[in-house]
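Trainee: What follows is a single structure, and I will ask about it in a moment.
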Amino acid sequence: MNQQQNSNDDWPGRRIGLPPDGPRSIARLGRRIVALAIDWGFAVIVSVAFFDYDSLATLGVFVAAQIVLLITANGSFGHLITGMRVVPLTGGLLGLWRPIVRTLLVAIVIPAVIWDADQRGMHDRVAGTLLVRR
């Protein structure tokens, strides 16, 4: 019973002071996957329209859109559509370096699929960011 009680008192983001659900809680996997699909779909559409669906162009469009939108809107198209935003762990503004580092690590995939107990990918840990619900 005690072990079950402890698991009910634990949630992703608890160790860093975030609520279990609602605004500013850690964004869960389902939302993240949908957001990534939206963002990649956007990159594919632009790549097909302007770059003859070149794979490097698709990746370049994805990276450029991520960086620009993170800097200007704290989230990509997919993040914003699915009700998420990227915020610095320490508060304040994302600045320029966090979106660039975070996006480049997402682009090489591996850091994005290595998660900690708070469901933060290595890309978020290195960049000092959180993907939270709005």
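Within each chain, counting starts at residue 1; across the structure tokens, chains are named A, B, ... in the order shown, with ligands numbered 1 upward in that order.
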Once you count only C-alpha atoms, what closest atom pair and distance in Å to one decimal does each residue of segment 58-91 of chain A within 9 Å of segment 19-35 of chain A have, with rows by chain and rising residue number, as JSON lines?
Mentor:
```
{"residue": "A:Ser76", "atom": "CA", "partner": "A:Ala35", "partner_atom": "CA", "distance": 8.1}
{"residue": "A:Phe77", "atom": "CA", "partner": "A:Ala35", "partner_atom": "CA", "distance": 7.5}
{"residue": "A:Gly78", "atom": "CA", "partner": "A:Ala35", "partner_atom": "CA", "distance": 3.8}
{"residue": "A:His79", "atom": "CA", "partner": "A:Ala35", "partner_atom": "CA", "distance": 5.3}
{"residue": "A:Leu80", "atom": "CA", "partner": "A:Ala35", "partner_atom": "CA", "distance": 8.2}
{"residue": "A:Ile81", "atom": "CA", "partner": "A:Ala35", "partner_atom": "CA", "distance": 7.4}
{"residue": "A:Thr82", "atom": "CA", "partner": "A:Arg31", "partner_atom": "CA", "distance": 6.2}
{"residue": "A:Gly83", "atom": "CA", "partner": "A:Arg31", "partner_atom": "CA", "distance": 8.2}
{"residue": "A:Met84", "atom": "CA", "partner": "A:Ala27", "partner_atom": "CA", "distance": 6.8}
{"residue": "A:Arg85", "atom": "CA", "partner": "A:Ala27", "partner_atom": "CA", "distance": 8.8}
```
Trainee: Those same residues, written as a PDB file, in the first residue's frame with N, CA and C atoms?
Mentor:
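Output file result-v9.pdb is given in full below:
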```pdb
ATOM      1  N   SER A  76       6.668  25.759 -31.591  1.00  0.00           N
ATOM      2  CA  SER A  76       6.497  25.528 -33.024  1.00  0.00           C
ATOM      3  C   SER A  76       5.009  25.523 -33.353  1.00  0.00           C
ATOM      4  N   PHE A  77       4.691  25.381 -34.645  1.00  0.00           N
ATOM      5  CA  PHE A  77       3.284  25.262 -35.035  1.00  0.00           C
ATOM      6  C   PHE A  77       2.625  24.114 -34.276  1.00  0.00           C
ATOM      7  N   GLY A  78       3.299  22.968 -34.258  1.00  0.00           N
ATOM      8  CA  GLY A  78       2.750  21.791 -33.578  1.00  0.00           C
ATOM      9  C   GLY A  78       2.564  22.010 -32.093  1.00  0.00           C
ATOM     10  N   HIS A  79       3.552  22.627 -31.452  1.00  0.00           N
ATOM     11  CA  HIS A  79       3.433  22.921 -30.020  1.00  0.00           C
ATOM     12  C   HIS A  79       2.219  23.789 -29.748  1.00  0.00           C
ATOM     13  N   LEU A  80       2.098  24.864 -30.510  1.00  0.00           N
ATOM     14  CA  LEU A  80       1.022  25.821 -30.265  1.00  0.00           C
ATOM     15  C   LEU A  80      -0.352  25.218 -30.553  1.00  0.00           C
ATOM     16  N   ILE A  81      -0.458  24.433 -31.628  1.00  0.00           N
ATOM     17  CA  ILE A  81      -1.733  23.801 -31.978  1.00  0.00           C
ATOM     18  C   ILE A  81      -2.163  22.792 -30.908  1.00  0.00           C
ATOM     19  N   THR A  82      -1.207  22.091 -30.323  1.00  0.00           N
ATOM     20  CA  THR A  82      -1.531  21.072 -29.316  1.00  0.00           C
ATOM     21  C   THR A  82      -1.497  21.605 -27.889  1.00  0.00           C
ATOM     22  N   GLY A  83      -1.384  22.915 -27.734  1.00  0.00           N
ATOM     23  CA  GLY A  83      -1.481  23.525 -26.413  1.00  0.00           C
ATOM     24  C   GLY A  83      -0.237  23.414 -25.559  1.00  0.00           C
ATOM     25  N   MET A  84       0.935  23.518 -26.186  1.00  0.00           N
ATOM     26  CA  MET A  84       2.188  23.438 -25.448  1.00  0.00           C
ATOM     27  C   MET A  84       3.046  24.664 -25.742  1.00  0.00           C
ATOM     28  N   ARG A  85       4.064  24.841 -24.901  1.00  0.00           N
ATOM     29  CA  ARG A  85       5.063  25.879 -25.141  1.00  0.00           C
ATOM     30  C   ARG A  85       6.368  25.456 -24.496  1.00  0.00           C
TER      31      ARG A  85
END
```
Trainee: List the spatial neighbours of Gly17 of chain A as a PyMOL selection string - criterion: any atom at most 12 Å away, only C-alpha atoms, same-chain residues fewer than 5 positions off excluded.
Mentor: chain A and resi 10-12+24-26+89-90+118+130
Trainee: Give me, as a list in words, all polymer residues having an atom no more than 7 Å from Ala127 of chain A, counting only C-alpha atoms and skipping those fewer than 6 positions away in the same chain.
Mentor: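 Here the qualifying residues turn out to be Arg98, Val101 and Arg102 of chain A.
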Trainee: Near Ile45 of chain A, within 12 Å and counting only C-alpha atoms, which residues show up once chain neighbours fewer than 6 positions away are dropped, as an mmCIF file with N, CA and C atoms, in the first residue's frame?
Mentor:
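Result file around-v9.cif:
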```cif
data_model
loop_
_atom_site.group_PDB
_atom_site.id
_atom_site.type_symbol
_atom_site.label_atom_id
_atom_site.label_comp_id
_atom_site.auth_asym_id
_atom_site.auth_seq_id
_atom_site.Cartn_x
_atom_site.Cartn_y
_atom_site.Cartn_z
ATOM 1 N N ILE A 38 2.858 17.334 -36.864
ATOM 2 C CA ILE A 38 2.430 18.591 -37.488
ATOM 3 C C ILE A 38 3.638 19.356 -38.019
ATOM 4 N N ASP A 39 4.676 19.474 -37.199
ATOM 5 C CA ASP A 39 5.872 20.223 -37.605
ATOM 6 C C ASP A 39 6.579 19.563 -38.788
ATOM 7 N N PHE A 51 11.502 22.541 -52.944
ATOM 8 C CA PHE A 51 12.802 21.879 -53.008
ATOM 9 C C PHE A 51 12.740 20.464 -53.588
ATOM 10 N N ASP A 52 11.705 20.161 -54.352
ATOM 11 C CA ASP A 52 11.561 18.845 -54.983
ATOM 12 C C ASP A 52 11.683 17.707 -53.970
ATOM 13 N N TYR A 53 11.182 17.932 -52.767
ATOM 14 C CA TYR A 53 11.165 16.963 -51.661
ATOM 15 C C TYR A 53 12.553 16.402 -51.354
ATOM 16 N N ASP A 54 13.531 17.274 -51.357
ATOM 17 C CA ASP A 54 14.894 16.900 -50.989
ATOM 18 C C ASP A 54 14.956 16.666 -49.476
ATOM 19 N N SER A 55 15.546 15.557 -49.049
ATOM 20 C CA SER A 55 15.541 15.201 -47.629
ATOM 21 C C SER A 55 16.303 16.222 -46.767
ATOM 22 N N ALA A 57 16.698 19.381 -47.492
ATOM 23 C CA ALA A 57 15.878 20.597 -47.478
ATOM 24 C C ALA A 57 14.736 20.445 -46.477
ATOM 25 N N THR A 58 14.131 19.269 -46.433
ATOM 26 C CA THR A 58 13.052 19.025 -45.472
ATOM 27 C C THR A 58 13.558 19.213 -44.047
ATOM 28 N N LEU A 59 14.707 18.626 -43.741
ATOM 29 C CA LEU A 59 15.297 18.790 -42.418
ATOM 30 C C LEU A 59 15.649 20.254 -42.152
ATOM 31 N N VAL A 61 14.200 22.945 -43.415
ATOM 32 C CA VAL A 61 12.956 23.686 -43.181
ATOM 33 C C VAL A 61 12.460 23.411 -41.765
ATOM 34 N N PHE A 62 12.507 22.146 -41.348
ATOM 35 C CA PHE A 62 12.086 21.776 -39.997
ATOM 36 C C PHE A 62 12.907 22.539 -38.956
#
```
Trainee: Out of A:Trp40, A:Pro111, A:Arg133, A:Val86, which residue has the shortest atom-to-atom distance to Ala73 of chain A when counting only C-alpha atoms?
Mentor: A:Val86
Trainee: What does the distance between atom CA of Leu69 of chain A and atom CA of Arg15 of chain A come to in Å, to one decimal place?
Mentor: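 That distance, rounded to one decimal, is 28.3 Å.
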Trainee: If you run DSSP on the backbone, which residues of chain A are helix (DSSP H, G or I), as a ChimeraX atom specification?
Mentor: /A:2-8,14-16,29-51,55-73,77-81,97-107,110-113,122-127
Trainee: With only C-alpha atoms as the basis for distance, which of A:Val44, A:Ala107, A:Ala117, A:Ile100 is at the shortest distance from Ile67 of chain A?
Mentor: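 So, comparing all the options, the nearest one is A:Ile100.
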Trainee: From the set A:Ala43, A:Val126, A:Val68, A:Ile16, which residue has the shortest atom-to-atom contact distance to Gly95 of chain A, counting only C-alpha atoms?
Mentor: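 Under the stated criterion, the closest residue is A:Val68.
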